[in-house]
>>> print(open('upload.tsv').read())   # TSV, C-alpha atoms
chain	number	residue	atom	x	y	z
A	1	MET	CA	-103.92	37.75	43.38
A	2	SER	CA	-105.71	36.93	46.61
A	3	GLU	CA	-103.98	36.28	49.91
A	4	PRO	CA	-101.98	33.00	49.67
A	5	VAL	CA	-103.22	30.03	51.61
A	6	ASP	CA	-100.83	29.30	54.47
A	7	ASP	CA	-100.71	25.62	55.37
A	8	GLY	CA	-97.01	24.78	55.41
A	9	GLY	CA	-95.05	22.15	53.50
A	10	PRO	CA	-96.50	20.29	50.52
A	11	VAL	CA	-99.99	21.60	51.26
A	12	ALA	CA	-98.74	25.17	50.92
A	13	ASP	CA	-97.03	24.28	47.64
A	14	ARG	CA	-100.28	22.83	46.32
A	15	ALA	CA	-102.21	25.90	47.47
A	16	ILE	CA	-99.82	28.22	45.63
A	17	GLU	CA	-100.03	26.02	42.52
A	18	ILE	CA	-103.84	26.11	42.52
A	19	GLU	CA	-103.99	29.83	43.31
A	20	THR	CA	-101.68	30.65	40.41
A	21	ALA	CA	-103.65	28.48	37.98
A	22	LEU	CA	-107.01	29.80	39.17
A	23	THR	CA	-105.87	33.40	38.75
A	24	THR	CA	-104.75	32.62	35.20
A	25	VAL	CA	-108.06	30.97	34.30
A	26	ARG	CA	-110.09	33.80	35.83
A	27	GLU	CA	-108.15	36.31	33.75
A	28	ARG	CA	-108.52	34.14	30.65
A	29	LEU	CA	-112.28	34.00	31.18
A	30	ARG	CA	-112.44	37.75	31.78
A	31	ARG	CA	-110.61	38.42	28.51
A	32	ALA	CA	-112.89	35.99	26.65
A	33	CYS	CA	-115.94	37.85	27.92
A	34	VAL	CA	-114.52	41.27	27.02
A	35	ASP	CA	-113.54	40.06	23.54
A	36	ALA	CA	-117.08	38.70	23.05
A	37	GLY	CA	-118.65	41.96	24.21
A	38	ARG	CA	-120.09	40.31	27.29
A	39	THR	CA	-120.02	41.15	30.99
A	40	PRO	CA	-117.63	38.82	32.87
A	41	ALA	CA	-120.13	38.47	35.70
A	42	ASP	CA	-122.54	36.78	33.27
A	43	VAL	CA	-120.32	33.72	32.79
A	44	ALA	CA	-119.70	31.50	35.81
A	45	LEU	CA	-116.49	29.56	36.29
A	46	LEU	CA	-117.20	26.03	37.53
A	47	PRO	CA	-114.02	24.35	38.83
A	48	VAL	CA	-114.24	20.63	38.10
A	49	THR	CA	-112.90	18.81	41.13
A	50	LYS	CA	-113.56	15.25	39.95
A	51	PHE	CA	-110.67	12.87	40.67
A	52	PHE	CA	-109.12	15.42	43.04
A	53	PRO	CA	-109.14	15.26	46.86
A	54	ALA	CA	-111.24	17.20	49.33
A	55	SER	CA	-108.13	19.18	50.28
A	56	ASP	CA	-108.15	20.79	46.82
A	57	VAL	CA	-111.79	21.75	47.30
A	58	ARG	CA	-110.89	23.45	50.58
A	59	ILE	CA	-108.12	25.41	48.86
A	60	LEU	CA	-110.45	26.55	46.09
A	61	TYR	CA	-113.09	27.53	48.64
A	62	ARG	CA	-110.58	29.72	50.48
A	63	LEU	CA	-109.73	31.31	47.14
A	64	GLY	CA	-113.35	32.36	46.70
A	65	CYS	CA	-114.88	29.47	44.78
A	66	ARG	CA	-118.40	28.49	45.82
A	67	ASP	CA	-119.34	26.08	43.02
A	68	PHE	CA	-117.75	22.72	42.31
A	69	GLY	CA	-118.34	20.15	39.57
A	70	GLU	CA	-118.23	16.39	40.07
A	71	SER	CA	-118.84	13.60	37.57
A	72	ARG	CA	-119.08	10.37	39.60
A	73	GLU	CA	-121.49	9.89	42.48
A	74	GLN	CA	-119.24	7.37	44.23
A	75	ASP	CA	-116.47	9.98	44.43
A	76	ALA	CA	-118.62	13.04	44.99
A	77	SER	CA	-120.81	11.88	47.87
A	78	PRO	CA	-117.90	11.16	50.27
A	79	LYS	CA	-116.20	14.42	49.25
A	80	VAL	CA	-119.34	16.44	49.93
A	81	ALA	CA	-119.70	14.78	53.34
A	82	ASP	CA	-116.01	15.23	54.16
A	83	THR	CA	-116.11	18.98	53.57
A	84	ALA	CA	-119.61	19.75	54.90
A	85	GLU	CA	-118.52	20.89	58.36
A	86	ASP	CA	-115.88	23.21	56.87
A	87	PHE	CA	-118.49	25.16	54.93
A	88	LEU	CA	-121.41	25.43	57.34
A	89	ALA	CA	-121.45	29.25	57.38
A	90	ASP	CA	-121.49	29.58	53.58
A	91	PRO	CA	-122.20	26.23	51.88
A	92	PRO	CA	-120.98	25.80	48.31
A	93	ARG	CA	-123.10	24.54	45.45
A	94	TRP	CA	-122.22	21.13	44.07
A	95	HIS	CA	-122.96	20.33	40.44
A	96	MET	CA	-123.23	16.84	38.96
A	97	ILE	CA	-121.76	17.16	35.49
A	98	GLY	CA	-121.20	13.51	34.50
A	99	HIS	CA	-123.45	10.73	33.30
A	100	LEU	CA	-125.79	9.62	36.07
A	101	GLN	CA	-127.32	6.17	36.47
A	102	ARG	CA	-130.89	6.13	37.71
A	103	ASN	CA	-129.97	4.08	40.77
A	104	LYS	CA	-127.73	6.93	41.93
A	105	ALA	CA	-130.51	9.54	41.80
A	106	LYS	CA	-131.37	9.31	45.51
A	107	SER	CA	-127.78	9.92	46.57
A	108	VAL	CA	-127.25	12.83	44.19
A	109	ALA	CA	-130.55	14.43	45.21
A	110	ALA	CA	-129.16	14.72	48.72
A	111	TRP	CA	-126.30	17.06	47.78
A	112	ALA	CA	-126.51	18.41	44.22
A	113	HIS	CA	-127.59	21.96	43.48
A	114	SER	CA	-127.84	21.05	39.80
A	115	ILE	CA	-127.24	18.26	37.35
A	116	HIS	CA	-125.87	19.13	33.92
A	117	SER	CA	-126.31	15.77	32.18
A	118	VAL	CA	-129.99	14.83	32.11
A	119	ASP	CA	-130.72	13.05	28.84
A	120	SER	CA	-133.69	10.71	29.30
A	121	ALA	CA	-137.25	10.71	30.59
A	122	ARG	CA	-136.45	7.74	32.81
A	123	LEU	CA	-133.71	9.70	34.54
A	124	VAL	CA	-136.09	12.66	34.93
A	125	ALA	CA	-138.59	10.38	36.67
A	126	ALA	CA	-135.93	8.97	38.99
A	127	LEU	CA	-134.63	12.41	39.89
A	128	SER	CA	-138.13	13.73	40.50
A	129	LYS	CA	-138.92	10.89	42.88
A	130	ALA	CA	-135.60	11.24	44.70
A	131	THR	CA	-135.79	15.02	44.97
A	132	THR	CA	-139.37	15.16	46.23
A	133	SER	CA	-138.46	12.59	48.89
A	134	ALA	CA	-135.40	14.65	49.88
A	135	LEU	CA	-137.57	17.77	50.13
A	136	ASP	CA	-140.19	15.96	52.22
A	137	GLU	CA	-137.51	14.60	54.55
A	138	GLY	CA	-135.76	17.95	54.93
A	139	VAL	CA	-132.57	16.65	53.30
A	140	ARG	CA	-132.74	19.51	50.79
A	141	ARG	CA	-134.55	22.85	50.81
A	142	SER	CA	-134.93	23.71	47.14
A	143	GLU	CA	-135.76	22.13	43.82
A	144	LEU	CA	-133.03	20.44	41.81
A	145	ASP	CA	-131.85	22.48	38.86
A	146	VAL	CA	-131.84	20.35	35.71
A	147	ILE	CA	-129.68	21.16	32.71
A	148	LEU	CA	-130.46	19.01	29.70
A	149	GLN	CA	-127.58	17.44	27.82
A	150	VAL	CA	-128.09	17.35	24.07
A	151	SER	CA	-126.04	15.30	21.63
A	152	LEU	CA	-124.76	17.48	18.80
A	153	ASP	CA	-123.75	14.56	16.56
A	154	GLY	CA	-126.38	11.96	17.42
A	155	ASP	CA	-123.85	9.71	19.20
A	156	VAL	CA	-125.92	9.13	22.34
A	157	HIS	CA	-123.31	6.67	23.64
A	158	ARG	CA	-121.30	9.77	24.61
A	159	GLY	CA	-124.31	11.16	26.45
A	160	GLY	CA	-127.06	13.53	25.45
A	161	VAL	CA	-130.57	13.35	24.11
A	162	GLU	CA	-131.02	13.57	20.35
A	163	ARG	CA	-131.96	17.04	19.20
A	164	ASP	CA	-135.37	16.03	17.85
A	165	GLU	CA	-136.28	14.69	21.30
A	166	LEU	CA	-135.09	17.74	23.21
A	167	HIS	CA	-138.46	19.52	23.36
A	168	GLU	CA	-140.23	16.44	24.71
A	169	LEU	CA	-137.59	15.99	27.40
A	170	ALA	CA	-137.82	19.65	28.38
A	171	GLU	CA	-141.56	19.27	28.81
A	172	ALA	CA	-141.01	16.23	31.01
A	173	VAL	CA	-138.71	18.22	33.32
A	174	SER	CA	-141.11	21.15	33.44
A	175	ASP	CA	-143.93	18.83	34.51
A	176	ALA	CA	-141.84	16.91	37.08
A	177	ALA	CA	-142.23	17.62	40.78
A	178	GLY	CA	-139.08	18.76	42.58
A	179	LEU	CA	-137.22	19.72	39.41
A	180	ARG	CA	-136.57	23.07	37.72
A	181	LEU	CA	-135.59	23.29	34.08
A	182	ALA	CA	-132.48	25.47	34.17
A	183	GLY	CA	-130.89	25.19	30.75
A	184	LEU	CA	-128.90	23.23	28.19
A	185	MET	CA	-125.49	21.57	27.99
A	186	ALA	CA	-123.43	19.81	25.35
A	187	VAL	CA	-119.93	18.52	24.77
A	188	PRO	CA	-118.52	19.14	21.27
A	189	PRO	CA	-118.27	15.97	19.14
A	190	LEU	CA	-114.87	14.34	18.88
A	191	ASP	CA	-112.61	16.01	16.31
A	192	SER	CA	-115.16	18.78	15.73
A	193	GLU	CA	-114.43	22.48	15.40
A	194	PRO	CA	-115.50	24.08	18.71
A	195	GLU	CA	-116.69	27.23	16.92
A	196	ALA	CA	-119.16	25.30	14.76
A	197	ALA	CA	-120.23	23.01	17.61
A	198	PHE	CA	-120.99	25.87	19.98
A	199	ALA	CA	-122.79	27.83	17.25
A	200	ASP	CA	-125.02	24.78	16.78
A	201	LEU	CA	-125.58	24.56	20.53
A	202	GLU	CA	-126.38	28.26	20.73
A	203	ASN	CA	-129.05	27.81	18.08
A	204	LEU	CA	-130.57	24.86	19.95
A	205	HIS	CA	-130.60	26.92	23.13
A	206	HIS	CA	-132.41	29.78	21.40
A	207	ARG	CA	-135.05	27.33	20.18
A	208	LEU	CA	-135.44	25.88	23.67
A	209	LEU	CA	-135.92	29.36	25.12
A	210	LEU	CA	-138.89	30.01	22.85
A	211	ASP	CA	-140.97	27.49	24.80
A	212	HIS	CA	-139.02	27.57	28.06
A	213	PRO	CA	-137.77	31.10	28.73
A	214	GLU	CA	-136.75	30.02	32.23
A	215	ALA	CA	-134.03	27.71	30.80
A	216	LEU	CA	-131.44	30.48	30.71
A	217	GLU	CA	-128.31	28.51	31.55
A	218	LEU	CA	-125.98	27.33	28.79
A	219	SER	CA	-123.32	25.04	30.25
A	220	ALA	CA	-120.62	24.94	27.59
A	221	GLY	CA	-116.86	25.16	27.30
A	222	MET	CA	-113.97	23.49	29.08
A	223	THR	CA	-110.23	24.04	29.41
A	224	GLY	CA	-109.45	23.85	25.70
A	225	ASP	CA	-112.39	25.69	24.19
A	226	LEU	CA	-113.88	28.11	26.70
A	227	GLU	CA	-113.28	31.16	24.49
A	228	ALA	CA	-115.39	29.73	21.66
A	229	ALA	CA	-118.10	28.78	24.14
A	230	VAL	CA	-118.22	32.30	25.58
A	231	ARG	CA	-118.56	33.75	22.07
A	232	HIS	CA	-121.65	31.60	21.60
A	233	GLY	CA	-123.49	32.40	24.80
A	234	SER	CA	-122.13	30.07	27.46
A	235	THR	CA	-123.18	31.06	30.96
A	236	CYS	CA	-121.01	28.42	32.69
A	237	VAL	CA	-117.62	27.05	31.68
A	238	ARG	CA	-116.53	23.79	33.30
A	239	VAL	CA	-112.76	23.89	33.87
A	240	GLY	CA	-110.70	21.18	35.51
A	241	THR	CA	-107.25	20.62	34.00
A	242	ALA	CA	-106.32	24.31	33.69
A	243	ILE	CA	-107.00	24.82	37.41
A	244	LEU	CA	-106.08	21.55	39.11
A	245	GLY	CA	-103.71	19.99	36.61
A	246	ALA	CA	-103.69	16.59	34.94
A	247	ARG	CA	-105.95	13.91	36.32
A	248	PRO	CA	-104.24	12.02	39.17
A	249	ILE	CA	-103.20	8.44	38.43
A	250	THR	CA	-105.53	6.03	40.22
A	251	SER	CA	-105.66	2.29	40.64
A	252	GLN	CA	-108.89	2.11	38.61
>>> encode(input="upload.tsv", output="structure tokens")
Amino acid sequence: MSEPVDDGGPVADRAIEIETALTTVRERLRRACVDAGRTPADVALLPVTKFFPASDVRILYRLGCRDFGESREQDASPKVADTAEDFLADPPRWHMIGHLQRNKAKSVAAWAHSIHSVDSARLVAALSKATTSALDEGVRRSELDVILQVSLDGDVHRGGVERDELHELAEAVSDAAGLRLAGLMAVPPLDSEPEAAFADLENLHHRLLLDHPEALELSAGMTGDLEAAVRHGSTCVRVGTAILGARPITSQ
């Protein structure tokens, strides 16, 4: 276990709580990789900090985390700004993992390293416009990594492009200025068996790679099913509850 964070009082208690949970998840992920015959370094752990305060991000950063996942622009943008001065020497990478409305593209393009939930050509166009403007204005220095979200059950209301439209959407990203096609993401359907869902996703990813060998990332697996995701090729597991606990009660 790494050196405990020393803040005093309730902050120290929270730091110890997070450190303990993070150590457990890191070991769980390591075991999953070993059991799957994979190298642990090939699967990234993305702590999901949505709904949690900037203070938790600072604790995770001091424990070695350099990637953070957020799902709502209205929560993420202030958090990114609030922590920016703390991380000037070694900035983290922020990932947008939730559904994104087109009118939020400009804001997200200012801070996101990647977006894991692109599921429409209209969103691709909005992100391309926003990212090229951010590049021209010096707000960002690199292209925006785009991970396509595919729907495994055809229920697009839960997010994700239908599988028979995936190739067309991938082509749209490849042709869009300011964007880089990075990979594929999916959330298992409700009440599905994770093993079968991730096997299906793995097959879709293999098919995508035939035409887009650069799309190497497979964003799959969360707190309850990361082992199954690792067995089926995940390169990034998105874990929130197992690291930071249950979602805080809010007034919303």
>>> residues_near_point(input="upload.tsv", point="(-119.5, 28.0, 33.5)", cutoff="8 Å", atoms="all atoms listed in the file", output="list in words")
Val43, Ala44, Leu45, Leu46, Ser219, Ala220, Gly221, Ser234, Thr235, Cys236, Val237, Arg238 and Val239 of chain A
>>> closest_residue(input="upload.tsv", among="A:Leu123, A:Glu217, A:Ala197, A:Arg102", to="Ala229 (chain A)", atoms="only C-alpha atoms")
A:Ala197
>>> closest_residue(input="upload.tsv", among="A:Leu201, A:Ile16, A:Leu60, A:Ala41", to="Gly240 (chain A)", atoms="all atoms listed in the file")
A:Leu60
>>> closest_residue(input="upload.tsv", among="A:Pro92, A:Gly98, A:Gly233, A:Gly138", to="Ala110 (chain A)", atoms="all atoms listed in the file")
A:Gly138
>>> atom_distance(input="upload.tsv", atom1="CA of Ile115 (chain A)", atom2="CA of Asp145 (chain A)")
6.4 Å
>>> closest_atom_pairs(input="upload.tsv", of="region 110-158 of chain A", to="region 76-87 of chain A", cutoff="12 Å", atoms="only C-alpha atoms", output="JSON lines")
{"residue": "A:Ala110", "atom": "CA", "partner": "A:Ser77", "partner_atom": "CA", "distance": 8.9}
{"residue": "A:Trp111", "atom": "CA", "partner": "A:Val80", "partner_atom": "CA", "distance": 7.3}
{"residue": "A:Ala112", "atom": "CA", "partner": "A:Val80", "partner_atom": "CA", "distance": 9.4}
{"residue": "A:His113", "atom": "CA", "partner": "A:Val80", "partner_atom": "CA", "distance": 11.8}
>>> closest_residue(input="upload.tsv", among="A:Asp136, A:Asp119, A:Glu143, A:Asp67", to="Glu162 (chain A)", atoms="only C-alpha atoms")
A:Asp119
>>> residues_around(input="upload.tsv", residues="Gly245 (chain A)", least_positions_apart="4", cutoff="12 Å", atoms="all atoms listed in the file", output="ChimeraX atom specification")
/A:14,17-22,47-52,56,223,239-241,249
>>> closest_residue(input="upload.tsv", among="A:Asn203, A:Val187, A:Ala126, A:Glu168", to="Val156 (chain A)", atoms="only C-alpha atoms")
A:Val187
>>> closest_atom_pairs(input="upload.tsv", of="region 80-170 of chain A", to="region 205-210 of chain A", cutoff="10 Å", atoms="only C-alpha atoms", output="JSON lines")
{"residue": "A:Val150", "atom": "CA", "partner": "A:His205", "partner_atom": "CA", "distance": 9.9}
{"residue": "A:Leu166", "atom": "CA", "partner": "A:Leu208", "partner_atom": "CA", "distance": 8.2}
{"residue": "A:His167", "atom": "CA", "partner": "A:Leu208", "partner_atom": "CA", "distance": 7.0}
{"residue": "A:Ala170", "atom": "CA", "partner": "A:Leu208", "partner_atom": "CA", "distance": 8.2}
>>> closest_residue(input="upload.tsv", among="A:Val161, A:Ala242, A:Leu127, A:Leu152", to="Arg180 (chain A)", atoms="only C-alpha atoms")
A:Leu127
>>> atom_distance(input="upload.tsv", atom1="CA of Val173 (chain A)", atom2="CA of His232 (chain A)")
24.6 Å
>>> residues_around(input="upload.tsv", residues="Pro194 (chain A)", least_positions_apart="4", cutoff="7 Å", atoms="all atoms listed in the file", output="list of chain:residue names")
A:Pro188, A:Phe198, A:Asp225, A:Ala228
>>> atom_distance(input="upload.tsv", atom1="CA of Gly69 (chain A)", atom2="CA of Ala125 (chain A)")
22.7 Å
>>> build_atoms(input="upload.tsv", residues="region 74-91 of chain A", atoms="N, CA, C and O atoms", output="PDB file, keeping the file's coordinate frame")
ATOM      1  N   GLN A  74    -119.999   8.113  43.224  1.00  0.00           N
ATOM      2  CA  GLN A  74    -119.240   7.370  44.230  1.00  0.00           C
ATOM      3  C   GLN A  74    -118.041   8.148  44.751  1.00  0.00           C
ATOM      4  O   GLN A  74    -117.559   7.899  45.857  1.00  0.00           O
ATOM      5  N   ASP A  75    -117.551   9.106  43.983  1.00  0.00           N
ATOM      6  CA  ASP A  75    -116.470   9.980  44.430  1.00  0.00           C
ATOM      7  C   ASP A  75    -117.005  11.240  45.095  1.00  0.00           C
ATOM      8  O   ASP A  75    -116.455  11.734  46.080  1.00  0.00           O
ATOM      9  N   ALA A  76    -118.094  11.754  44.529  1.00  0.00           N
ATOM     10  CA  ALA A  76    -118.620  13.040  44.990  1.00  0.00           C
ATOM     11  C   ALA A  76    -119.256  12.955  46.365  1.00  0.00           C
ATOM     12  O   ALA A  76    -119.018  13.828  47.220  1.00  0.00           O
ATOM     13  N   SER A  77    -120.070  11.949  46.605  1.00  0.00           N
ATOM     14  CA  SER A  77    -120.810  11.880  47.870  1.00  0.00           C
ATOM     15  C   SER A  77    -119.890  11.896  49.093  1.00  0.00           C
ATOM     16  O   SER A  77    -120.127  12.670  50.039  1.00  0.00           O
ATOM     17  N   PRO A  78    -118.819  11.084  49.121  1.00  0.00           N
ATOM     18  CA  PRO A  78    -117.900  11.160  50.270  1.00  0.00           C
ATOM     19  C   PRO A  78    -117.193  12.508  50.377  1.00  0.00           C
ATOM     20  O   PRO A  78    -116.944  12.992  51.481  1.00  0.00           O
ATOM     21  N   LYS A  79    -116.881  13.126  49.246  1.00  0.00           N
ATOM     22  CA  LYS A  79    -116.200  14.420  49.250  1.00  0.00           C
ATOM     23  C   LYS A  79    -117.106  15.507  49.820  1.00  0.00           C
ATOM     24  O   LYS A  79    -116.673  16.359  50.601  1.00  0.00           O
ATOM     25  N   VAL A  80    -118.374  15.475  49.409  1.00  0.00           N
ATOM     26  CA  VAL A  80    -119.340  16.440  49.930  1.00  0.00           C
ATOM     27  C   VAL A  80    -119.462  16.280  51.441  1.00  0.00           C
ATOM     28  O   VAL A  80    -119.449  17.270  52.191  1.00  0.00           O
ATOM     29  N   ALA A  81    -119.568  15.039  51.900  1.00  0.00           N
ATOM     30  CA  ALA A  81    -119.700  14.780  53.340  1.00  0.00           C
ATOM     31  C   ALA A  81    -118.449  15.186  54.099  1.00  0.00           C
ATOM     32  O   ALA A  81    -118.523  15.748  55.204  1.00  0.00           O
ATOM     33  N   ASP A  82    -117.281  14.938  53.491  1.00  0.00           N
ATOM     34  CA  ASP A  82    -116.010  15.230  54.160  1.00  0.00           C
ATOM     35  C   ASP A  82    -115.787  16.721  54.368  1.00  0.00           C
ATOM     36  O   ASP A  82    -115.128  17.134  55.326  1.00  0.00           O
ATOM     37  N   THR A  83    -116.346  17.539  53.484  1.00  0.00           N
ATOM     38  CA  THR A  83    -116.110  18.980  53.570  1.00  0.00           C
ATOM     39  C   THR A  83    -117.283  19.740  54.190  1.00  0.00           C
ATOM     40  O   THR A  83    -117.177  20.954  54.414  1.00  0.00           O
ATOM     41  N   ALA A  84    -118.379  19.067  54.464  1.00  0.00           N
ATOM     42  CA  ALA A  84    -119.610  19.750  54.900  1.00  0.00           C
ATOM     43  C   ALA A  84    -119.393  20.631  56.126  1.00  0.00           C
ATOM     44  O   ALA A  84    -119.843  21.781  56.171  1.00  0.00           O
ATOM     45  N   GLU A  85    -118.693  20.125  57.124  1.00  0.00           N
ATOM     46  CA  GLU A  85    -118.520  20.890  58.360  1.00  0.00           C
ATOM     47  C   GLU A  85    -117.609  22.107  58.160  1.00  0.00           C
ATOM     48  O   GLU A  85    -117.692  23.073  58.923  1.00  0.00           O
ATOM     49  N   ASP A  86    -116.767  22.076  57.137  1.00  0.00           N
ATOM     50  CA  ASP A  86    -115.880  23.210  56.870  1.00  0.00           C
ATOM     51  C   ASP A  86    -116.649  24.396  56.307  1.00  0.00           C
ATOM     52  O   ASP A  86    -116.193  25.540  56.413  1.00  0.00           O
ATOM     53  N   PHE A  87    -117.792  24.129  55.688  1.00  0.00           N
ATOM     54  CA  PHE A  87    -118.490  25.160  54.930  1.00  0.00           C
ATOM     55  C   PHE A  87    -119.866  25.493  55.491  1.00  0.00           C
ATOM     56  O   PHE A  87    -120.733  25.996  54.779  1.00  0.00           O
ATOM     57  N   LEU A  88    -120.082  25.253  56.763  1.00  0.00           N
ATOM     58  CA  LEU A  88    -121.410  25.430  57.340  1.00  0.00           C
ATOM     59  C   LEU A  88    -121.907  26.876  57.214  1.00  0.00           C
ATOM     60  O   LEU A  88    -123.088  27.123  56.961  1.00  0.00           O
ATOM     61  N   ALA A  89    -121.029  27.848  57.394  1.00  0.00           N
ATOM     62  CA  ALA A  89    -121.450  29.250  57.380  1.00  0.00           C
ATOM     63  C   ALA A  89    -121.851  29.714  55.980  1.00  0.00           C
ATOM     64  O   ALA A  89    -122.729  30.570  55.835  1.00  0.00           O
ATOM     65  N   ASP A  90    -121.232  29.153  54.957  1.00  0.00           N
ATOM     66  CA  ASP A  90    -121.490  29.580  53.580  1.00  0.00           C
ATOM     67  C   ASP A  90    -121.332  28.373  52.664  1.00  0.00           C
ATOM     68  O   ASP A  90    -120.323  28.237  51.967  1.00  0.00           O
ATOM     69  N   PRO A  91    -122.329  27.485  52.635  1.00  0.00           N
ATOM     70  CA  PRO A  91    -122.200  26.230  51.880  1.00  0.00           C
ATOM     71  C   PRO A  91    -122.008  26.468  50.383  1.00  0.00           C
ATOM     72  O   PRO A  91    -122.643  27.363  49.806  1.00  0.00           O
TER      73      PRO A  91
END
